[in-house]
Each structure stands twice: as structure tokens, then as C-alpha cells.
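Everything on this sheet refers to the single structure shown next.
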Amino acid sequence: MTIPARILLLEDDPALLNGIADLLVELRTQGYEAEVIMASNGQEGIELLNQQTPDLIISDIMMPVMNGLEFLKRVRERADWLHIPLIFLTAKSGRQDFLESRTLGAELFIPKPFNPSDLLALVKSQLDRTLQLQQARAQNFADLKDNILLVLSHEFRTPLGLVTMSLDLLAEGVKYWESADTLQKYLEGIQTGYQRMTRLVNDLITIIELRTGEAAHQFQSQASVITNVSELFWIAGIAREEDAHKHQIRFHYNIPRHLPPVWGVADSLKDIFWRLIDNAIRFTAYSVQPDKDVYLTAFTTNTEIHFQVGDNGIGLPGHAQEKIFDLFYQYNRQQLEQQGSGAGLAIVKGLVELHGGQIEVQSQENAGTIFTVHLPICHDRAPAEAVSHIPAGPDVTILVAEDDYYLLQGLRDLLEFYYDGPYKFQVLTASNGLAALEILNHTVPDLIISDVMMPKMDGFKLLEKVRANPDWVQIPFIFLTARGDKQDVHHGRSIGAEEYIAKPYETNDLLTLITTQLNRHFEVQSVLNQNFTAFKRSILGLLQPDLRLPLDLVDVYSRQLTQSLQSADSDSSLKTSLQGLRTASQQLSHLVENFITLAEIRTGEAAKAFNHRAGTIEGVGPLFYLIIDNQRDRSENRDIHFHFDIQADLPIVFGDSEGLEQCLEQLVRSGSAACQQAGGGDLYFAARAVGGELHLSMCVAGPALPAADAARLSALLSGDEEAALTVPIYGPALTVARGIIDLHKGRIEMDNDREKGCTFTLILPPYQP
């Protein structure tokens with residue numbers, strides 16, 4: 001089976017252009033079905049790139065209109081083209097030409113005339129590496145989506161289930177006059193679920209405020225000089241000691257009584273300390289150490305106060321340390337049975353940066369972790385600008401594997417004392433591939449430089465191991481070796497090396513190529529991180545602001561019930577509070593399920609479920625009637641009137657019956673809620689066959705929707721997912737319904753009539769075998 005590969009080929013010589021295109025067809029024998037699109041200069045190449053994105057670019061340098069170097073500059077300026085590898089195939093073969101092309105971001109520089117078999121081998125090596133990176137990035141994105149869904153589903157549904165179960169037990173207890181102590185236990189279950197869900201909602205809202213700039217605005221208006229930071233740190237620890245003792249964890253304090261002041265918000269600093277200490281307790285609780293300890297330490301330097309929360313818990317591997325501050329990331333969630341959204345450390349980082357500080361983590365598996373918060377010292381007034389401290393030159397970690405001791409030390413000294421570039425190099429050294437792997441298991445570097453001929457494990461085997469690990473697959477790899485044969489170079493390229501440099505080498509050339517590889521690596525990673533951040537923001541955007549209202553009502557009514565039980569109030573008082581609690585719980589359940597369904601639609605999980613469950617659906621009419629009838633039975637307002645017009649012999653449709661049922665429930669429930677808010681009204685439901693299609697409609701009789709709300713709903717139904725979520729009652733319901741109907745290849749139409757009211761129609765195509 002061959003893999004499709006689109007290759008953009010730029011060459012101004014027509015005969016050579018067609019000849020290379022014909023040669024690339026031979027990639028079929030090496031596993032790739034090449035689709036070659038051709039251009040005679042860089043300008044034509046840009047035009048083709050605007051139409052379709054290739055997997056690889058092969059370009060000449062000397063071309064009219066726009067040469068290859070200018071073309072490459074344009075390609076590397078675009079974020080959506082940054083990842084595309086480029087091979088220069090050119091008659092220019094000087095050392096300076098090579099360095100210029102590599103500095104601009106070309107993956108390979110092949111001088112003409114070339115050997116056809118060599119070109120095919122090198123093209124295949126680039127396609128292999130591209131495919132490898134694409135698969136790794138796709139897997140990372142899929143893992144992110146799965147983790148988000150796991151977190152949201154578990155962290156919302158678990159406390160909601162506790163509230164619902166305790167509420168049912170409470171209702172039965174009231175009905176059969178169980179003891180006040182028993183009823184109180186049920187109320188405690190409701191409060192526990194409420195508190196856990198409230199923390200989750202508040203965390204997600206805090207993240208939204210940090211991402212949108214609202215938190216920065218609040219910080220500016222609330223910040224002041226804080227003189228009791230030592231006390232705040234002490235109090236945060238003392239407040240958690242009781243929880244720590246349950247896990248036989250001891251607290252140790254090394255906090256000076258008097259620390260210099262900082263500029264900030266005291267509640268935010270307490271939140272930072274509380275979350276870091278909570279994290280230390282959770283990870284130390286799982287430790288197998290006989291003595292479990294958490295250390296709170298504070299000390300000062302000339303310009304900063306340093307707060308450390310350390311533990312001797314299970315620790316974090318290198319790859320986890322890189323992601324630990326990412327939203328929704330949780331290390332080893334299933335094994336550690338963590339509770340939480342994966343937002344805690346993301347919030348800590350955001351709050352620390354609001355205070356103009358930094359946070360860093362040091363950790364070793366099975367030895368422990370230390371989080372250090374660095375905050376600038378403030379004296380009499382606010383700093384001119386509270387921004388994060390950014391080091392002059394970013395620290396970069398390079399792993400060097402070389403068996404010659406003197407060469408290894410010389411290369412380390414060269415890199416560590418190189419000050420003219422944009423990076424400050426920190427060098428880790430290994431004398432063979434096996435030792436390099438041991439280092440990689442604890443620390444993930446930004447770049448690897450390796451010899452080929454080494455004892456125990458050579459460089460080729462080391463690279464194969466690196467590329468086989470999904471946590472290391474994107475690390476740039478440079479071979480620096482005395483083995484410069486064409487066969488060795490091709491083999492190194494074929495297994496995923498970014499550079500192959502033969503000894504002896506020019507020092508400046510080496511430093512230039514290292515810097516180029518790091519620039520390219522960080523640029524691509526930055527684009528990927530932006531995509532991840534945008535996706536996370538889109539998930540957070542689904543969180544409905546009105547989720548807090550039923551949450552607060554659950555708290556209010558459960559407290560009223562507690563008070564009624566304690567004061568032995570009347571039966572009617574108990575029932576009133578119980579009914580209010582049940583209504584709030586139902587509203588909360590609906591909002592939570594909407595949020596999770598929207599997240600499943602956004603991540604593609606709903607599409608997977610649809611493909612798995614879809615089949616022919618014959619009884620849509622009876623299903624619609626049953627949903628309407630159930631809603632009528634649940635309605636407590638007898639001034640809401642339900643009218644039916646369900647035709648017989650409706651068309652068979654193809655789809656997911658569970659999804660369609662959820663969609664219809666959303667529609668019916670929203671209409672009932674609208675009438676409930678109005679104090680009553682008439683709802684007209686119809687199911688008809690129109691032109692072969694199935695039309696399922698609901699008309700809410702009465703005044704039309706306000707023009708602004710109608711416009712936002714229309715925008716939603718025409719494709720703008722974000723437009724309608726905040727429209728009262730209908731927004732979330734129709735957003736969910738539209739996502740489900742889209743999977744069924746259907747549509748939703750709206751008719752907002754001033755006299756008749758508002759009609760929503762779900763339209764499904766007929767089943768065609």
C-alpha cells in the first residue's frame with residue numbers, strides 16, 4: 001500500500017522540470033504515490049501554495065521573477081507553511097551557498113548534477129520524516145482532545161451524580177420520615193458534590209479570565225503593597241496540615257518571619273500557595289517512601305523573593321515537566337486517580353506572571369519535586385509595569401553524545417562559552433548512545449548532537465530509539481562524525497537526522513547550523529502551541545455563564561433544608577426547599593450535559609460515536625411524540641399547553657437514534673422553558689414529510705424573539721458556532737442540536753414571526769440505501 005505525497009517542484013528549465021517529475025513517480029517503489037505540482041519560478045510556487053499545501057518542496061535556486069532563496073524566505077514567513085520541508089536542487093554548490101540556504105531553513109542542499117537514485121533516497125528520507133512528525137503531532141492533538149473529554153466528563157459528572165443520588169435519597173427520607181441525622185448525611189453529600197463542581201467551574205472561569213485579559217484588568221485595580229507574604233505562606237501550609245496528616249505526611253517550614261514586601265493581590269498569592277501545597281500533598285500521598293514530607297521554604301536574593309514547595313513524592317519524568325503547566329494536562333491520571341481539571345498549575349503560572357514573577361519546576365522520578373516561585377521585591381509603590389521577567393537569552397539544553405573524551409569536553413566548552421548567538425547553551429554529555437538514553441529518560445533536551453561510532457550503542461541506533469519514542473520524536477538531531485561516506489549520510493537522513501556534518505568541521509558553520517535547527521524547531525513548536533491554545537480556548541468558550549446560577553441554587557436550597565431540619569420546621573417548608581433543590585439540580589444536569597456534548601462535538605468524539613452507532617431510524621414520529629409527552633408530564637405549570645400534529649408514514653432516516661433523541665429533547669425542553677419563563681403559553685409540535693425530507697418543528701406561540709437574539713440564532717444556524725451560546729434558553733439548546741443535526745447531514749431553520757411566534761424546524765434527508 002502506497003502513501004499519497006504531494007510534492008511542489010520548482011525549476012525554470014522545462015526539460016529538467018519534466019524529467020525530475022517523471023523521476024519522482026518512481027517513489028511508488030519506495031512506498032509513496034507522488035502527486036507532483038510544477039512551477040517555473042518562485043512566484044508561481046507561491047501561487048500554487050496558496051491553493052494547496054504540499055508535503056515537500058523541491059526547488060532550484062537560480063530562477064527568473066523570484067529565485068529560490070527569496071521563495072524560501074516567503075515560505076518560512078507563513079505560519080501555515082512553516083512545517084513544510086524544502087530541498088534545494090541547484091547548480092550552486094559553494095560553501096556559502098550551502099550555509100545561506102540552510103540558515104534560511106532548507107532541509108537539504110543537493111548540488112547538480114545529481115544521481116537519480118541518490119535524489120530518490122533523500123526525497124524519501126524527507127517524506128519519511130514529515131510523515132513521522134505529522135503522525136506524532138496528530139497523536140498529540142488526539143491525546144489532548146481525549147484528555148480534555150476525560151477530565152470534563154469525569155470532573156463534571158462525578159459530583160453531579162453525587163448531588164443527584166443524595167437528592168433522591170433525601171426525597172425518599174423526607175417521604176418516609178427518616179431521622180434528622182440520616183437526612184443530614186444526604187445533605188452533606190449534596191454539599192460535597194456542589195463544592196467540587198463549584199471549584200471546577202471557578203477554575204475554568206479563572207482560566208478564561210487569564211486568557212482574555214480580564215484577570216490582568218482586575219489585578220491592576222486591586223493590587224497593592226503586600227507586607228505579610230511570610231504570614232500568607234505560613235497560613236497556607238497550616239491550613240493544609242490536617243489533610244496531610246491523613247496521608248501520614250509531615251510539613252517542614254523554613255520561612256523567615258519577615259520577608260520584603262511584594263506588589264500584588266493577597267488572595268491571589270494565597271491561591272498560588274494553596275494550589276502548590278495541594279499538589280505536593282497529592283503527589284506525596286502516592287509515594288512508597290517510609291517518610292513522607294512536604295517542605296515550605298522562602299529566601300531572598302538582591303531583587304527577588306523565592307518561595308519553594310518541595311516534596312519527596314513520586315516525582316515527574318522529563319516529558320511531564322515540560323507540560324505540567326499546560327491547561328488540561330495531568331500526569332498519569334488513570335493510575336493516580338487524580339481529581340481535578342488539570343487547570344490548577346496553569347492557573348498558578350498565570351497568577352505568578354500577573355505578579356511579574358516566574359515559576360519553575362525541578363523533579364526526579366521517585367525522589368520528589370520542587371516548585372519555585374520567584375517574585376520581584378517591591379518597596380513603597382507599584383512597579384512601573386508588572387510583567388513577566390524574560391531572560392536576555394533563552395536557556396537551551398543540548399545533549400552531546402561522543403566517545404572521545406577530549407572531543408566531548410571541547411564541544412561542551414565551545415557551546416557553553418558561545419555568547420554571540422540568541423541562545424545560552426546548557427550542555428549534557430554522554431560517552432555512548434546507552435548513556436544518552438539514560439539522560440533522555442530524565443531530561444528532554446532541545447537538540448541532540450551525536451557521533452556515529454560509539455561503544456555499547458552507536459549513533460544510528462541512538463537515533464532510531466529517539467525517533468521511536470513519541471516524547472522525543474520532535475527533537476532535532478545532528479550527526480557530527482568522521483563517517484562521511486554517501487551511504488552513511490543517506491542512512492542517517494533516512495532514519496530521521498536533521499543534519500549530518502562530517503569531521504573535521506568549521507566551528508562557525510557548526511554553531512550556525514545548531515542555531516538554525518533550534519530556530520526552526522522553536523518556530524514550528526510555537527505554531528503548534530498556538531493551535532493547541534486556540535483549541536483549548538474554543539473548549540473553554542463552550543462553558544455557559546449561567547452554569548453558576550443552578551449551582552448557587554443547589555447551595556441555597558440545601559442550606560435551607562439543613563436549617564429546616566435543625567429547627568424542626570413544618571412539612572411544607574421541607575417540601576418547598578426540596579422541590580427547589582430538585583429543580584436546580586435538573587437545570588444543572590442539563591447545562592452540564594450540554595457542555596460535555598458540545599465538547600464532544602468540538603473534539604470530534606461525537607462524530608466517532610455517530611459513525612459507530614448510525615443506522616436506519618424508522619420510528620421518528622413516535623419518538624418525537626414520546627419526548628413531548630414526557631416534557632408535558634414533567635411540566636409543573638399547567639398554563640403551558642402542548643399541541644401535536646404527528647403524521648403517520650414518515651420517511652425513514654439514517655442516523656444515530658441516541659443523538660437524534662438528545663437533539664429533540666433539547667428542542668422540546670427549550671420551548672417549555674421559554675413558556676415557563678413567560679408564565680405560560682402554547683407549544684405547537686409537528687412532524688411531516690415535505691418533498692421527501694422529514695420536518696420536525698416546534699412553534700412557540702406569542703411574541704417573536706428580540707431582533708438581536710434572532711440574529712445571533714440565525715448566525716448559528718448558518719454556521720457561526722460561537723454566535724448563539726449566550727442567547728437565553730435557546731442558545732445552548734440549538735448549539736447542541738445543530739452539532740447533532742450536522743452529523744445527520746440535516747439542517748435547522750428558524751421563522752421568527754411577529755404574530756405567530758418563533759418556529760424552529762429540524763430537517764433530515766430521507767434514507768437512501
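In the C-alpha cells, the first chain shown is A, the next is B, and so on; residue numbers restart at 1 for each chain, and ligands run from 1 in the order shown.
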Rows by chain and residue number, range 480-526 of chain A within 12 Å of range 131-141 of chain A, shortest pair, only C-alpha atoms, as JSON lines:
```
{"residue": "A:Ser494", "atom": "CA", "partner": "A:Gln132", "partner_atom": "CA", "distance": 11.5}
{"residue": "A:Ile495", "atom": "CA", "partner": "A:Gln132", "partner_atom": "CA", "distance": 10.3}
{"residue": "A:Gly496", "atom": "CA", "partner": "A:Gln132", "partner_atom": "CA", "distance": 8.8}
{"residue": "A:His521", "atom": "CA", "partner": "A:Leu133", "partner_atom": "CA", "distance": 11.8}
{"residue": "A:Val524", "atom": "CA", "partner": "A:Arg137", "partner_atom": "CA", "distance": 11.0}
{"residue": "A:Gln525", "atom": "CA", "partner": "A:Arg137", "partner_atom": "CA", "distance": 10.1}
```
Residues of the last selection are to be written out with C-alpha atoms, as a PDB file, in the first residue's frame.
```pdb
ATOM      1  CA  SER A 494      16.682   8.049   6.253  1.00  0.00           C
ATOM      2  CA  ILE A 495      16.268   7.359   9.974  1.00  0.00           C
ATOM      3  CA  GLY A 496      15.467  10.972  10.805  1.00  0.00           C
ATOM      4  CA  HIS A 521      12.307  23.787  15.953  1.00  0.00           C
ATOM      5  CA  VAL A 524       7.282  25.108  14.460  1.00  0.00           C
ATOM      6  CA  GLN A 525       6.605  24.327  18.140  1.00  0.00           C
TER       7      GLN A 525
END
```
Among range 318-513 of chain A, which residues carry a DSSP assignment of strand (DSSP E or B), reported as a tab-separated table (two decimals) with C-alpha atoms, in the first residue's frame?
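Dumped everything to states27.tsv:
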```tsv
chain	number	residue	atom	x	y	z
A	358	GLN	CA	8.23	33.28	37.26
A	359	ILE	CA	7.62	29.69	38.30
A	360	GLU	CA	9.84	26.71	37.58
A	361	VAL	CA	9.84	23.03	38.43
A	362	GLN	CA	12.65	20.62	39.30
A	363	SER	CA	11.78	16.98	39.65
A	364	GLN	CA	13.13	13.46	39.62
A	368	GLY	CA	10.38	14.31	44.64
A	369	THR	CA	9.53	17.68	43.14
A	370	ILE	CA	10.29	21.32	43.94
A	371	PHE	CA	8.19	24.19	42.59
A	372	THR	CA	9.88	27.58	42.95
A	373	VAL	CA	8.02	30.89	42.60
A	374	HIS	CA	10.21	33.96	42.00
A	375	LEU	CA	8.53	37.29	42.82
A	376	PRO	CA	10.18	40.73	42.49
A	395	ASP	CA	18.34	28.75	28.01
A	396	VAL	CA	18.60	25.79	25.64
A	397	THR	CA	19.57	22.27	26.65
A	398	ILE	CA	21.76	20.30	24.24
A	399	LEU	CA	22.64	16.63	24.71
A	400	VAL	CA	26.02	15.68	23.21
A	401	ALA	CA	26.97	12.01	22.73
A	424	LYS	CA	22.50	30.28	26.12
A	425	PHE	CA	23.51	26.63	25.85
A	426	GLN	CA	23.37	24.18	28.74
A	427	VAL	CA	25.19	21.01	27.72
A	428	LEU	CA	24.58	17.45	28.91
A	429	THR	CA	27.21	14.89	27.91
A	430	ALA	CA	27.21	11.14	27.30
A	447	LEU	CA	18.61	19.35	20.50
A	448	ILE	CA	20.85	16.26	20.27
A	449	ILE	CA	24.34	16.12	18.74
A	450	SER	CA	25.85	12.67	18.33
A	477	PHE	CA	19.15	15.52	15.80
A	478	ILE	CA	22.59	16.37	14.35
A	479	PHE	CA	25.23	13.78	13.45
A	480	LEU	CA	28.79	15.07	13.94
A	481	THR	CA	31.04	12.25	12.77
A	499	GLU	CA	21.87	17.43	9.90
A	500	TYR	CA	24.82	15.22	9.00
A	501	ILE	CA	28.13	17.04	9.49
A	502	ALA	CA	31.42	15.34	8.66
```
Pick from A:Gln647, A:Thr761, A:Thr303, A:Thr284, whichever lies nearest to Ser697 in chain A using only C-alpha atoms = A:Thr761
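Of the residues listed (A:Val727, A:Ala79, A:Leu24, A:Leu187), A:Leu24 shows the shortest atom-to-atom separation from Leu119 in chain A; distances use only C-alpha atoms.
CA of Thr103 in chain A to CA of Leu16 in chain A spans 26.4 Å [interatomic distance, one decimal].
Between CA of Gly655 in chain A and CA of Gln631 in chain A the interatomic distance comes to 23.4 Å.
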Non-local contacts of Phe109 in chain A (12 Å; only C-alpha atoms; under 2 positions in same chain excluded) as an MDAnalysis selection string | chainID A and resid 58:61 68:69 85:107 111:112 114 119 122:123 499:500
Residue nearest Gly681 in chain A - candidates A:Gly31, A:Gly213, A:Pro706, A:Gly757, atoms counted: only C-alpha atoms = A:Gly757
In terms of the shortest atom-to-atom distance over only C-alpha atoms, which of A:Leu10, A:Leu56, A:Met454, A:Ala343 is closest to Met38 in chain A?
-> A:Leu10
DSSP on the backbone, then: every residue of range 110-282 of chain A marked helix (DSSP H, G or I), written as a PyMOL selection string.
-> chain A and resi 116-175+180-212+214-222+229-246+266-282
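The space separating CA of Asn432 in chain A from CA of Asp451 in chain A comes to 8.5 Å.
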